[in-house]
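Everything below belongs to final.csv, which stores CSV, C-alpha atoms.
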```csv
chain,number,residue,atom,x,y,z
A,1,MET,CA,89.4,128.8,123.1
A,2,SER,CA,92.1,126.1,123.2
A,3,LEU,CA,94.5,125.2,126.0
A,4,VAL,CA,97.5,122.9,125.5
A,5,TRP,CA,100.5,122.0,127.6
A,6,PHE,CA,103.9,123.0,126.3
A,7,ARG,CA,106.5,120.2,126.6
A,8,PRO,CA,104.5,118.1,129.1
A,9,LEU,CA,106.5,115.7,131.3
A,10,LYS,CA,106.9,112.4,129.5
A,11,TRP,CA,109.6,109.8,130.1
A,12,TYR,CA,110.8,109.8,126.5
A,13,ARG,CA,111.4,113.6,126.6
A,14,PHE,CA,113.5,113.5,129.7
A,15,PRO,CA,116.4,115.6,128.3
A,16,GLN,CA,113.9,118.5,127.6
A,17,TYR,CA,112.5,118.7,131.1
A,18,ASN,CA,114.7,121.6,131.9
A,19,PHE,CA,113.8,123.5,128.7
A,20,ARG,CA,110.7,125.5,129.4
A,21,SER,CA,108.9,128.5,127.9
A,22,HIS,CA,109.2,131.7,129.9
A,23,ARG,CA,107.8,133.9,127.2
A,24,LYS,CA,105.0,136.3,128.1
A,25,VAL,CA,103.2,137.3,124.9
A,26,LEU,CA,99.6,138.2,124.3
A,27,ILE,CA,98.3,138.9,120.8
A,28,VAL,CA,94.8,140.3,120.0
A,29,ASP,CA,93.4,139.7,116.5
A,30,GLY,CA,97.0,139.6,115.2
A,31,GLU,CA,97.0,143.4,115.5
A,32,ILE,CA,97.9,144.3,119.1
A,33,GLY,CA,100.7,142.8,121.1
A,34,PHE,CA,101.6,142.8,124.8
A,35,THR,CA,104.8,141.6,126.4
A,36,GLY,CA,106.8,142.1,129.6
A,37,GLY,CA,107.3,140.2,132.8
A,38,ILE,CA,103.6,140.0,133.7
A,39,GLY,CA,102.0,136.6,134.2
A,40,ILE,CA,98.5,135.5,135.1
A,41,GLY,CA,98.0,135.4,138.9
A,42,GLU,CA,97.0,137.4,142.0
A,43,GLU,CA,100.5,138.9,142.2
A,44,TRP,CA,99.9,141.0,139.1
A,45,THR,CA,96.5,142.4,140.0
A,46,GLY,CA,98.0,145.4,141.8
A,47,ASN,CA,100.9,147.8,141.4
A,48,ALA,CA,103.4,147.2,144.2
A,49,GLU,CA,101.0,148.8,146.8
A,50,ASP,CA,101.9,146.0,149.3
A,51,SER,CA,104.1,142.9,149.5
A,52,LYS,CA,101.5,140.6,147.9
A,53,HIS,CA,101.3,142.6,144.7
A,54,TRP,CA,104.5,142.6,142.6
A,55,ARG,CA,106.1,145.4,140.7
A,56,ASP,CA,106.3,144.6,136.9
A,57,THR,CA,106.5,146.3,133.5
A,58,CYS,CA,104.5,145.4,130.4
A,59,VAL,CA,104.3,147.1,127.0
A,60,GLN,CA,101.5,147.3,124.4
A,61,VAL,CA,102.4,147.7,120.7
A,62,GLU,CA,100.7,148.0,117.4
A,63,GLY,CA,102.0,147.9,113.8
A,64,PRO,CA,104.2,145.4,111.9
A,65,VAL,CA,106.2,144.6,115.0
A,66,VAL,CA,103.2,142.6,116.3
A,67,HIS,CA,104.2,139.9,113.7
A,68,TYR,CA,107.3,139.2,115.9
A,69,PHE,CA,104.9,138.5,118.8
A,70,GLN,CA,102.7,136.2,116.7
A,71,ALA,CA,105.8,134.4,115.4
A,72,ALA,CA,107.0,133.7,118.9
A,73,PHE,CA,103.6,132.3,119.9
A,74,VAL,CA,103.3,130.2,116.7
A,75,GLU,CA,106.7,128.7,117.2
A,76,ASN,CA,105.7,127.3,120.6
A,77,TRP,CA,102.2,126.4,119.3
A,78,ILE,CA,103.5,124.3,116.5
A,79,GLU,CA,105.7,122.3,118.8
A,80,ALA,CA,102.9,121.7,121.2
A,81,THR,CA,100.1,120.9,118.7
A,82,ARG,CA,101.8,120.2,115.3
A,83,ALA,CA,99.3,122.7,113.9
A,84,MET,CA,100.3,125.6,111.7
A,85,LEU,CA,98.8,129.0,112.2
A,86,VAL,CA,99.2,130.8,108.8
A,87,GLY,CA,97.4,133.3,106.6
A,88,ASP,CA,95.9,136.7,107.1
A,89,LEU,CA,93.7,135.5,109.9
A,90,TYR,CA,96.7,135.2,112.2
A,91,PHE,CA,99.1,137.5,110.3
A,92,PRO,CA,97.0,140.3,108.9
A,93,PRO,CA,98.7,143.0,106.9
A,94,LEU,CA,99.8,145.7,109.3
A,95,LYS,CA,100.5,149.3,108.6
A,96,PRO,CA,103.2,151.3,110.5
A,97,VAL,CA,101.8,153.0,113.6
A,98,GLY,CA,103.6,155.9,115.3
A,99,GLY,CA,107.3,156.7,115.0
A,100,VAL,CA,108.9,154.2,117.3
A,101,LYS,CA,111.5,151.8,115.8
A,102,ALA,CA,111.0,148.4,117.4
A,103,GLN,CA,111.5,144.7,116.8
A,104,GLY,CA,110.9,141.5,118.7
A,105,VAL,CA,113.8,139.2,119.7
A,106,ARG,CA,113.1,135.6,120.6
A,107,SER,CA,115.4,132.9,121.8
A,108,SER,CA,115.2,129.2,122.5
A,109,PRO,CA,117.6,126.5,123.9
A,110,MET,CA,116.9,124.6,120.7
A,111,GLU,CA,118.9,127.2,118.8
A,112,SER,CA,122.7,127.2,118.5
A,113,SER,CA,123.0,130.6,120.4
A,114,SER,CA,120.8,132.9,122.4
A,115,GLU,CA,119.8,136.0,120.5
A,116,VAL,CA,118.6,137.7,123.7
A,117,TYR,CA,122.0,137.0,125.3
A,118,MET,CA,123.7,138.8,122.4
A,119,LEU,CA,121.2,141.6,122.6
A,120,TYR,CA,122.1,142.1,126.3
A,121,LEU,CA,125.8,142.1,125.5
A,122,LEU,CA,125.6,144.5,122.6
A,123,THR,CA,123.3,147.0,124.5
A,124,ILE,CA,125.8,147.0,127.5
A,125,ALA,CA,128.7,147.5,125.1
A,126,SER,CA,127.0,150.3,123.2
A,127,ALA,CA,126.0,152.5,126.1
A,128,GLU,CA,127.8,155.8,126.2
A,129,ARG,CA,126.3,157.7,129.2
A,130,PHE,CA,124.2,155.3,131.3
A,131,ARG,CA,122.8,151.8,131.4
A,132,TYR,CA,119.9,151.0,133.7
A,133,ILE,CA,119.0,147.4,134.3
A,134,THR,CA,116.0,146.0,136.1
A,135,THR,CA,115.8,142.3,136.6
A,136,ALA,CA,114.1,139.8,138.9
A,137,TYR,CA,117.1,137.4,138.9
A,138,PHE,CA,120.6,138.8,138.6
A,139,LEU,CA,123.1,136.0,138.1
A,140,PRO,CA,125.4,137.3,135.3
A,141,ASP,CA,128.1,135.1,133.9
A,142,THR,CA,131.8,136.2,133.7
A,143,LEU,CA,131.4,137.7,130.2
A,144,LEU,CA,128.4,139.9,131.2
A,145,GLU,CA,130.2,140.9,134.4
A,146,ASP,CA,133.2,142.0,132.5
A,147,HIS,CA,131.2,144.1,130.1
A,148,LEU,CA,129.4,145.8,132.9
A,149,ILE,CA,132.7,146.6,134.5
A,150,TYR,CA,134.2,147.7,131.1
A,151,ALA,CA,131.2,150.1,130.7
A,152,VAL,CA,131.9,151.7,134.1
A,153,ARG,CA,135.6,152.1,133.3
A,154,ARG,CA,134.8,154.0,130.2
A,155,GLY,CA,132.6,156.4,132.2
A,156,VAL,CA,129.1,154.8,131.8
A,157,ASP,CA,126.8,155.1,134.8
A,158,VAL,CA,125.7,151.4,135.3
A,159,ARG,CA,122.9,150.8,137.7
A,160,VAL,CA,121.2,147.5,138.4
A,161,LEU,CA,117.8,147.3,140.2
A,162,VAL,CA,117.0,143.9,141.7
A,163,PRO,CA,114.5,142.5,144.3
A,164,GLY,CA,115.2,143.1,148.0
A,165,PRO,CA,113.8,141.2,151.0
A,166,HIS,CA,110.6,140.3,149.2
A,167,ASN,CA,111.5,137.4,146.8
A,168,ASP,CA,109.8,134.4,145.5
A,169,MET,CA,113.0,132.3,145.6
A,170,GLY,CA,115.1,132.8,148.7
A,171,MET,CA,118.1,130.8,147.5
A,172,LEU,CA,118.3,132.8,144.2
A,173,TYR,CA,118.2,136.0,146.3
A,174,GLN,CA,121.1,134.8,148.4
A,175,LEU,CA,123.1,133.6,145.4
A,176,SER,CA,122.5,136.9,143.6
A,177,ARG,CA,123.8,138.8,146.6
A,178,ASN,CA,126.8,136.5,146.8
A,179,GLY,CA,127.9,137.9,143.4
A,180,TYR,CA,127.6,141.6,144.1
A,181,GLY,CA,131.2,142.0,145.4
A,182,LYS,CA,133.2,142.2,142.2
A,183,LEU,CA,130.7,144.5,140.5
A,184,LEU,CA,130.3,146.9,143.5
A,185,LYS,CA,134.1,147.1,143.9
A,186,GLU,CA,134.4,148.2,140.3
A,187,GLY,CA,131.7,150.9,140.5
A,188,VAL,CA,128.5,149.2,139.3
A,189,LYS,CA,125.7,150.5,141.4
A,190,ILE,CA,123.2,147.9,142.8
A,191,TYR,CA,119.9,148.7,144.4
A,192,GLU,CA,117.4,146.4,146.1
A,193,PHE,CA,113.6,147.2,145.7
A,194,GLN,CA,112.0,147.3,149.1
A,195,PRO,CA,108.1,147.4,149.0
A,196,THR,CA,107.5,144.0,147.2
A,197,PHE,CA,109.0,141.6,144.7
A,198,MET,CA,110.6,143.4,141.7
A,199,HIS,CA,109.7,141.1,138.7
A,200,ALA,CA,110.3,143.5,135.8
A,201,LYS,CA,112.9,142.8,133.1
A,202,THR,CA,113.9,146.0,131.4
A,203,MET,CA,117.0,147.8,130.2
A,204,VAL,CA,117.4,151.4,128.9
A,205,ALA,CA,120.6,153.0,127.6
A,206,ASP,CA,121.3,156.7,127.1
A,207,GLY,CA,117.6,157.5,127.1
A,208,ILE,CA,117.0,156.3,123.6
A,209,PHE,CA,117.4,152.5,123.4
A,210,GLY,CA,116.2,149.7,125.5
A,211,THR,CA,114.4,146.4,125.9
A,212,ILE,CA,111.3,145.1,127.7
A,213,GLY,CA,110.4,141.4,128.0
A,214,SER,CA,110.6,138.1,129.8
A,215,THR,CA,114.4,137.6,130.0
A,216,ASN,CA,116.1,137.7,133.3
A,217,PHE,CA,119.8,138.4,133.8
A,218,ASP,CA,120.7,134.7,134.4
A,219,ASN,CA,121.8,131.6,132.7
A,220,ARG,CA,118.3,130.0,132.9
A,221,SER,CA,116.9,132.8,130.6
A,222,PHE,CA,119.9,132.7,128.3
A,223,SER,CA,120.4,128.9,128.0
A,224,PHE,CA,117.4,127.0,129.1
A,225,ASN,CA,114.2,129.0,128.6
A,226,ASP,CA,112.3,130.2,125.5
A,227,GLU,CA,112.2,134.0,125.9
A,228,PHE,CA,110.9,137.0,124.1
A,229,ASN,CA,111.9,140.7,124.3
A,230,LEU,CA,110.8,143.8,122.6
A,231,THR,CA,113.6,146.2,121.7
A,232,PHE,CA,113.0,149.9,120.8
A,233,GLN,CA,114.9,152.9,119.6
A,234,ASN,CA,113.1,156.1,120.5
A,235,LYS,CA,113.9,159.1,122.6
A,236,GLU,CA,110.4,159.6,124.1
A,237,VAL,CA,110.1,155.9,125.1
A,238,GLY,CA,113.6,155.8,126.4
A,239,GLN,CA,113.1,158.9,128.6
A,240,GLU,CA,109.9,157.4,129.9
A,241,MET,CA,111.7,154.2,130.8
A,242,GLN,CA,114.5,156.3,132.4
A,243,GLU,CA,111.8,158.1,134.5
A,244,VAL,CA,110.2,154.8,135.6
A,245,PHE,CA,113.6,153.5,136.7
A,246,HIS,CA,114.4,156.6,138.8
A,247,ASN,CA,110.9,156.4,140.4
A,248,ASP,CA,111.7,152.8,141.4
A,249,LEU,CA,115.0,153.9,142.9
A,250,LYS,CA,113.1,156.1,145.3
A,251,ARG,CA,111.6,152.9,146.8
A,252,SER,CA,114.9,151.0,146.7
A,253,ARG,CA,118.0,150.8,148.9
A,254,PRO,CA,121.5,151.1,147.5
A,255,ILE,CA,124.0,148.4,148.5
A,256,SER,CA,127.5,149.5,149.2
A,257,TYR,CA,130.7,147.4,148.9
A,258,GLU,CA,131.4,147.9,152.6
A,259,GLU,CA,127.9,146.6,153.5
A,260,TRP,CA,128.3,143.6,151.2
A,261,ARG,CA,131.6,142.6,152.9
A,262,LYS,CA,129.9,142.7,156.3
A,263,ARG,CA,127.0,140.4,155.3
A,264,PRO,CA,126.1,137.7,157.8
A,265,TYR,CA,128.0,134.3,157.6
A,266,ARG,CA,124.7,132.5,157.1
A,267,GLU,CA,124.1,134.6,154.0
A,268,ARG,CA,127.6,133.9,152.8
A,269,PHE,CA,127.1,130.1,153.3
A,270,LEU,CA,123.8,130.1,151.4
A,271,GLY,CA,125.4,132.0,148.6
A,272,TRP,CA,128.4,129.6,148.5
A,273,LEU,CA,126.0,126.6,148.6
A,274,GLY,CA,124.0,128.0,145.7
A,275,SER,CA,127.1,128.7,143.6
A,276,TRP,CA,127.4,125.0,142.9
A,277,VAL,CA,124.2,125.0,140.9
A,278,LYS,CA,124.3,128.6,139.6
A,279,ASN,CA,124.5,127.6,135.9
A,280,PHE,CA,121.2,125.6,136.2
A,281,LEU,CA,119.2,128.3,138.0
```
Output the file's structure in the form of structure tokens.
Amino acid sequence: MSLVWFRPLKWYRFPQYNFRSHRKVLIVDGEIGFTGGIGIGEEWTGNAEDSKHWRDTCVQVEGPVVHYFQAAFVENWIEATRAMLVGDLYFPPLKPVGGVKAQGVRSSPMESSSEVYMLYLLTIASAERFRYITTAYFLPDTLLEDHLIYAVRRGVDVRVLVPGPHNDMGMLYQLSRNGYGKLLKEGVKIYEFQPTFMHAKTMVADGIFGTIGSTNFDNRSFSFNDEFNLTFQNKEVGQEMQEVFHNDLKRSRPISYEEWRKRPYRERFLGWLGSWVKNFL
């Protein structure tokens, strides 16, 4: 077993301090892949049964799509160690398994554009009936906000599930709530998960297409972090994701535009204060 630090803090790499890896990938023998929002810590040892155990979503896959997982890991490993991982030992020949169409999408601030950002934009724009979004941090930029609103105007049921009072970063929670107004007024439905911290990052559209991974709905994921998502096109998986979302809504509280307008002045001030650094969070 080997352990290395990714982009360790060094004075001559100061410009890269803000570019971190947020990817969550686990590959077993180059044949089985796992991804989602799950990290390694006590918070993920349960299933939202109390406030100390977070709610998250992870997916296990087999087949050729695992090579996308391995490629994401190898990309970071090369940068950290200067060592190449090649050949059948790390990329064994893989036969198709099951009937799910899937692919991995990775992004990095070292690239000219964020592939995951484009994935999110395209999936929002392509939804015809509904678009369900679950995210730990919800700080969409103007373009994403506009596409969410455009979707509502063309008759799409757009729902966003975010953390509620249990949150690991209080300032981000207040900043996220500060931006609800425009979306709520235009018909986007926003729900706050109540039992514990909602850490999942998923989207599902029309019960057939979606994504599961590490990417949050914020500029940090789109511009500063290395991220990885699995996308799928399959009716059975899509309907299962739809069912999971509705089950989470049973433990969530809808936020109305009227309630948002009456939020306390302290909350408004914290949201305004955080807005100055929104693009860096």
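Here the question is which of A:Phe91, A:Phe209, A:Tyr173, A:Tyr68 gets nearest to A:Gly238 using all atoms listed in the file, and that residue is A:Phe209.
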Contacts of A:Arg268 at 12 Å (only C-alpha atoms; same-chain gap of 2+ positions) as a count of residues only: 23
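Interatomic distance, atom CA of A:His67 against atom CA of A:Phe224: 24.0 Å.
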Within 9 Å of A:Met198 using all atoms listed in the file, minus same-chain residues under 3 positions, as a VMD selection string: chain A and resid 48 54 to 56 134 to 136 161 to 164 166 to 167 192 to 195 201
Residue neighbourhood A:Gly63, 10 Å, all atoms listed in the file, exclusion window fewer than 3 positions, as a PyMOL selection string: chain A and resi 30-33+66-67+93-98+100+102
Output of the above residues as an mmCIF file, keeping the file's coordinate frame, restricted to C-alpha atoms:
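Okay, out.cif is ready:
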```
data_model
loop_
_atom_site.group_PDB
_atom_site.id
_atom_site.type_symbol
_atom_site.label_atom_id
_atom_site.label_comp_id
_atom_site.auth_asym_id
_atom_site.auth_seq_id
_atom_site.Cartn_x
_atom_site.Cartn_y
_atom_site.Cartn_z
ATOM 1 C CA GLY A 30 97.000 139.600 115.200
ATOM 2 C CA GLU A 31 97.000 143.400 115.500
ATOM 3 C CA ILE A 32 97.900 144.300 119.100
ATOM 4 C CA GLY A 33 100.700 142.800 121.100
ATOM 5 C CA VAL A 66 103.200 142.600 116.300
ATOM 6 C CA HIS A 67 104.200 139.900 113.700
ATOM 7 C CA PRO A 93 98.700 143.000 106.900
ATOM 8 C CA LEU A 94 99.800 145.700 109.300
ATOM 9 C CA LYS A 95 100.500 149.300 108.600
ATOM 10 C CA PRO A 96 103.200 151.300 110.500
ATOM 11 C CA VAL A 97 101.800 153.000 113.600
ATOM 12 C CA GLY A 98 103.600 155.900 115.300
ATOM 13 C CA VAL A 100 108.900 154.200 117.300
ATOM 14 C CA ALA A 102 111.000 148.400 117.400
#
```
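From atom CA of A:Leu230 back to atom CA of A:Ser114, the distance works out to 14.8 Å.
Taking all atoms listed in the file into account, A:Arg153 lies nearest to A:Leu183 out of the set A:Val65, A:Ile38, A:Met169, A:Leu183.
You will find atom CA of A:Gly187 at 9.8 Å from atom CA of A:Ala151.
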Skip A:Ala72 itself and residues of its chain fewer than 3 positions away, then list as a tab-separated table (two decimals) with C-alpha atoms, in the coordinates of the input all residues within 8 Å of it, counting all atoms listed in the file.
```
chain	number	residue	atom	x	y	z
A	25	VAL	CA	103.20	137.30	124.90
A	68	TYR	CA	107.30	139.20	115.90
A	69	PHE	CA	104.90	138.50	118.80
A	75	GLU	CA	106.70	128.70	117.20
A	76	ASN	CA	105.70	127.30	120.60
A	106	ARG	CA	113.10	135.60	120.60
A	228	PHE	CA	110.90	137.00	124.10
```
Selection: 8 Å around A:Leu121, all atoms listed in the file, excl. self and same-chain fewer than 3 positions, as a list in words: Tyr117, Met118, Ile124, Ala125, Leu144 and His147 of chain A
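With all atoms listed in the file as the basis for measurement, A:His199 is the residue among A:Lys185, A:His199, A:Arg129, A:Lys250 that approaches A:Asn216 most closely.
When all atoms listed in the file are used to measure the gap to A:Ser252, the shortest distance among A:Tyr191, A:Phe138, A:Tyr90, A:Phe130 belongs to A:Tyr191.
Compared by their closest atoms to A:Gly46, and using only C-alpha atoms, the residues A:Thr215, A:Asn18, A:Thr196, A:Thr231 rank with A:Thr196 nearest.
With distances restricted to all atoms listed in the file, A:Glu186 is the closest residue to A:Arg154 from A:Glu49, A:Glu186, A:Asp168, A:Asp88.
Here the selection is built from all atoms listed in the file, and the residues within 9 Å of (114.5, 135.4, 131.5) turn out to be His22, Arg23, Gly37, Thr135, Ala136, Tyr137, Lys201, Gly213, Ser214, Thr215, Asn216, Phe217, Asp218, Asn219, Arg220, Ser221, Phe222, Asn225, Asp226, Glu227 and Phe228 of chain A.
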